[in-house]
2 protein chains.
Amino acid sequence: MSNVLEVPSGAGSNARGTRHSADEMSAWSARIHDELTAFFEAADDGGRFREDVWERPGGGGGWTRVMAEGRTFEQVGVNRSVVHGALGRELAQRLLLAEGSGGTFFATGVSIVCHPHSPRVPIVHQNVRYFAVHDEEGTAAAEWFGGGIDLTPTYPEPDDAVHFHTVLRDACAPFGAEVYPRYKKECDEYFVNHHRDGEARGIGGVFFDHLGAPASGMDVEQARAFADAIARTMPDAYGPLVERRRNEPWGEREKRLQLFRRGRYVEFNLVHDRGTRFGLDTSARIESVLMSLPPMATWTYDPTFDPGSIEARLMEMLVPRAWA
Amino acid sequence: MSNVLEVPSGAGSNARGTRHSADEMSAWSARIHDELTAFFEAADDGGRFREDVWERPGGGGGWTRVMAEGRTFEQVGVNRSVVHGALGRELAQRLLLAEGSGGTFFATGVSIVCHPHSPRVPIVHQNVRYFAVHDEEGTAAAEWFGGGIDLTPTYPEPDDAVHFHTVLRDACAPFGAEVYPRYKKECDEYFVNHHRDGEARGIGGVFFDHLGAPASGMDVEQARAFADAIARTMPDAYGPLVERRRNEPWGEREKRLQLFRRGRYVEFNLVHDRGTRFGLDTSARIESVLMSLPPMATWTYDPTFDPGSIEARLMEMLVPRAWA
């Protein structure tokens, strides 16, 4: 394995050689899971989550919380997983490890997708995860953090994009001036429907991976603090948008626009998203993987939009730019 | 290239070394295109197709005919394409050629997807195509036919599956007793949402590829006659189902079931379908590739169905069996 960190062993029985123990990181994802479900229950102002617990055949499992038909949100899914097992060749390749396989891995994280009822309230997605790999002797190891948060408007409100990115920029600031622009750019480059001539899924946010690994620009403690900071931006980044937009009026035309953009959301998730495709190809619980899909979506053959219309203005917003 | 057929050259300027000329096969797909659009206009009893002509940057192009919001059909797309160009390594791999690249290819075909308004009327899909590859000298060549037709019910009507498969079995009979079971099985094995624990997209039909190539069991003239026969089954296989079901009553529950199955249709097409993924990865016109997606689809988190309900009965129908 190429990404071996020279750190003391004995941090935990499942994670010798890493700074963080499996128990510690499991508690980390449990806290984020609880914070996010509490935020979305409060923001919805009426809806409640149900929880399904599932086991992964290869080791570990997950806790999927779904709020269906809330007052504000049509569907919110908050997934937490704690998985471990053998590090096969395919997984090592997907993790972009130069070599590897033959060892084991441990991973835990939380991902969330929120599809509001109102087209005026944007879709939000967030994900944070910790990953550790160990060689066959179980001593040498690498560990890193990945994740991000991004916004998908279904109605053209540039002010919302400015607010969202300003909160993210400020959350990144303590970690260095280059951090926000770097991971904002990675986000812009990731959430792209390449088959749609490079059309973005939404207006981006931040996206990072392998943070804490060598050459990532942060050590693993900084990476953890950064992942923590991003995991905690939801109330400030998204909360005010929900409050601002939830009572604004909308009609059939706005709903049609939302369903059209949700179709593109489906396309990205099923065709391009690495996390979704990883879930589809492995033994993950499929209902938990695909809780990211919207409750309803539409496709219209070859749509055209009048210049200056809400549809055209939304499409213009999707061109990446400096929002903050 | 491995699949070289020893046939006389000079059959056409674009297809030296093959039995069929490019002009001849272009006329073949044009006729099928016209027959299918005529059938669907008649079957819809009110709707009309619009046609969009598009050019493929690498060579050739297509004619996409779409009927939107017809009387019976919510959307019907009938694509015809005639494309040619350099045979790169990636294309050679996708065509499952053992070697190849460095030469050229010519392909033409018609594909059709029909999404009815009523949940009582099943979705139908059909595709026929001719493919020829030539080596660098433009003399030695291989040519073959591929395609199929399959049905995706959105309401449990076993009688419809029996009718559909009986017509297909009879259409295959003149080509040998083993033909229908062989390509029925290939169809059952192809239209599967593997990520849904092997759930079938629909109740199948027939599916074939590389027919006319060595070891396919047919010479290229037989393969053409077979592709022709399959291309002409639509009126007998599907027409009676439209007539039988179009005026049957349905309500919100039946519509919900249809939209649920359409969600699975989206999943198959975006995640697994080789033709769609080929279109997404190449420079094909994206609106023509994705006209197969339904006008509207839904996803419900972890649905459960009461035993004996229409939902449960439809799911049971999807388990492959001998319908004819």
# chains A, B, ... in the order shown; residues from 1 in each chain; ligands from 1

call {"tool": "residues_around", "arguments": {"residues": "region 188-201 of chain B", "least_positions_apart": "5", "cutoff": "7 Å", "atoms": "only C-alpha atoms", "output": "PDB file with N, CA, C and O atoms, in the first residue's frame"}}
result
ATOM      1  N   LEU A 280     -24.092   0.642  -5.408  1.00  0.00           N
ATOM      2  CA  LEU A 280     -24.798  -0.259  -6.324  1.00  0.00           C
ATOM      3  C   LEU A 280     -23.978  -1.513  -6.608  1.00  0.00           C
ATOM      4  O   LEU A 280     -24.532  -2.591  -6.815  1.00  0.00           O
ATOM      5  N   ASP A 281     -22.663  -1.361  -6.646  1.00  0.00           N
ATOM      6  CA  ASP A 281     -21.797  -2.474  -7.025  1.00  0.00           C
ATOM      7  C   ASP A 281     -21.429  -3.368  -5.849  1.00  0.00           C
ATOM      8  O   ASP A 281     -20.832  -4.422  -6.048  1.00  0.00           O
ATOM      9  N   ILE A 286     -29.634  -1.436  -0.575  1.00  0.00           N
ATOM     10  CA  ILE A 286     -29.937  -0.584  -1.726  1.00  0.00           C
ATOM     11  C   ILE A 286     -30.889   0.561  -1.370  1.00  0.00           C
ATOM     12  O   ILE A 286     -30.754   1.672  -1.883  1.00  0.00           O
TER      13      ILE A 286
ATOM     14  N   THR B 152     -42.703  -4.121 -20.455  1.00  0.00           N
ATOM     15  CA  THR B 152     -42.618  -3.765 -19.039  1.00  0.00           C
ATOM     16  C   THR B 152     -44.006  -3.396 -18.534  1.00  0.00           C
ATOM     17  O   THR B 152     -44.461  -2.261 -18.685  1.00  0.00           O
ATOM     18  N   ARG B 264     -37.931   2.283 -11.576  1.00  0.00           N
ATOM     19  CA  ARG B 264     -37.025   1.166 -11.810  1.00  0.00           C
ATOM     20  C   ARG B 264     -36.555   1.138 -13.270  1.00  0.00           C
ATOM     21  O   ARG B 264     -35.453   0.684 -13.565  1.00  0.00           O
ATOM     22  N   TYR B 265     -37.423   1.602 -14.166  1.00  0.00           N
ATOM     23  CA  TYR B 265     -37.057   1.692 -15.586  1.00  0.00           C
ATOM     24  C   TYR B 265     -35.905   2.683 -15.754  1.00  0.00           C
ATOM     25  O   TYR B 265     -34.931   2.426 -16.461  1.00  0.00           O
ATOM     26  N   PHE B 268     -32.657   1.083 -14.478  1.00  0.00           N
ATOM     27  CA  PHE B 268     -32.033   0.163 -15.421  1.00  0.00           C
ATOM     28  C   PHE B 268     -31.345   0.932 -16.551  1.00  0.00           C
ATOM     29  O   PHE B 268     -30.193   0.672 -16.890  1.00  0.00           O
ATOM     30  N   LEU B 318     -42.688 -10.380 -12.337  1.00  0.00           N
ATOM     31  CA  LEU B 318     -41.357 -10.050 -12.854  1.00  0.00           C
ATOM     32  C   LEU B 318     -40.358 -11.198 -12.726  1.00  0.00           C
ATOM     33  O   LEU B 318     -39.268 -11.137 -13.292  1.00  0.00           O
ATOM     34  N   VAL B 319     -40.726 -12.238 -11.995  1.00  0.00           N
ATOM     35  CA  VAL B 319     -39.838 -13.401 -11.902  1.00  0.00           C
ATOM     36  C   VAL B 319     -39.920 -14.150 -13.237  1.00  0.00           C
ATOM     37  O   VAL B 319     -41.011 -14.538 -13.665  1.00  0.00           O
ATOM     38  N   PRO B 320     -38.794 -14.332 -13.929  1.00  0.00           N
ATOM     39  CA  PRO B 320     -38.822 -14.949 -15.263  1.00  0.00           C
ATOM     40  C   PRO B 320     -39.448 -16.342 -15.251  1.00  0.00           C
ATOM     41  O   PRO B 320     -39.243 -17.117 -14.319  1.00  0.00           O
TER      42      PRO B 320
END

call {"tool": "interface_residues", "arguments": {"of": "chain A", "to": "chain B", "cutoff": "6 Å", "atoms": "only C-alpha atoms", "output": "ChimeraX atom specification"}}
result
/A:195,270-271,280,287,295-300,302

call {"tool": "residues_around", "arguments": {"residues": "Arg313 (chain A)", "least_positions_apart": "5", "cutoff": "8 Å", "atoms": "only C-alpha atoms", "output": "list in words"}}
result
Pro156, Pro307 and Gly308 of chain A

call {"tool": "residues_around", "arguments": {"residues": "Ala38 (chain B)", "least_positions_apart": "6", "cutoff": "12 Å", "atoms": "only C-alpha atoms", "output": "PyMOL selection string"}}
result
chain B and resi 31-32+44-49+65+67+76+78+234-235

call {"tool": "closest_residue", "arguments": {"among": "A:Ile203, A:Leu314, A:Val110, A:Ile230", "to": "Arg80 (chain A)", "atoms": "only C-alpha atoms"}}
result
A:Val110

call {"tool": "atom_distance", "arguments": {"atom1": "CA of Phe106 (chain B)", "atom2": "CA of His125 (chain B)"}}
result
23.3 Å

call {"tool": "select_by_dssp", "arguments": {"residues": "region 33-79 of chain A", "states": "strand (DSSP E or B)", "output": "ChimeraX atom specification"}}
result
/A:50-55,60-68,73-79

call {"tool": "atom_distance", "arguments": {"atom1": "CA of Thr104 (chain B)", "atom2": "CA of Glu90 (chain B)"}}
result
12.8 Å
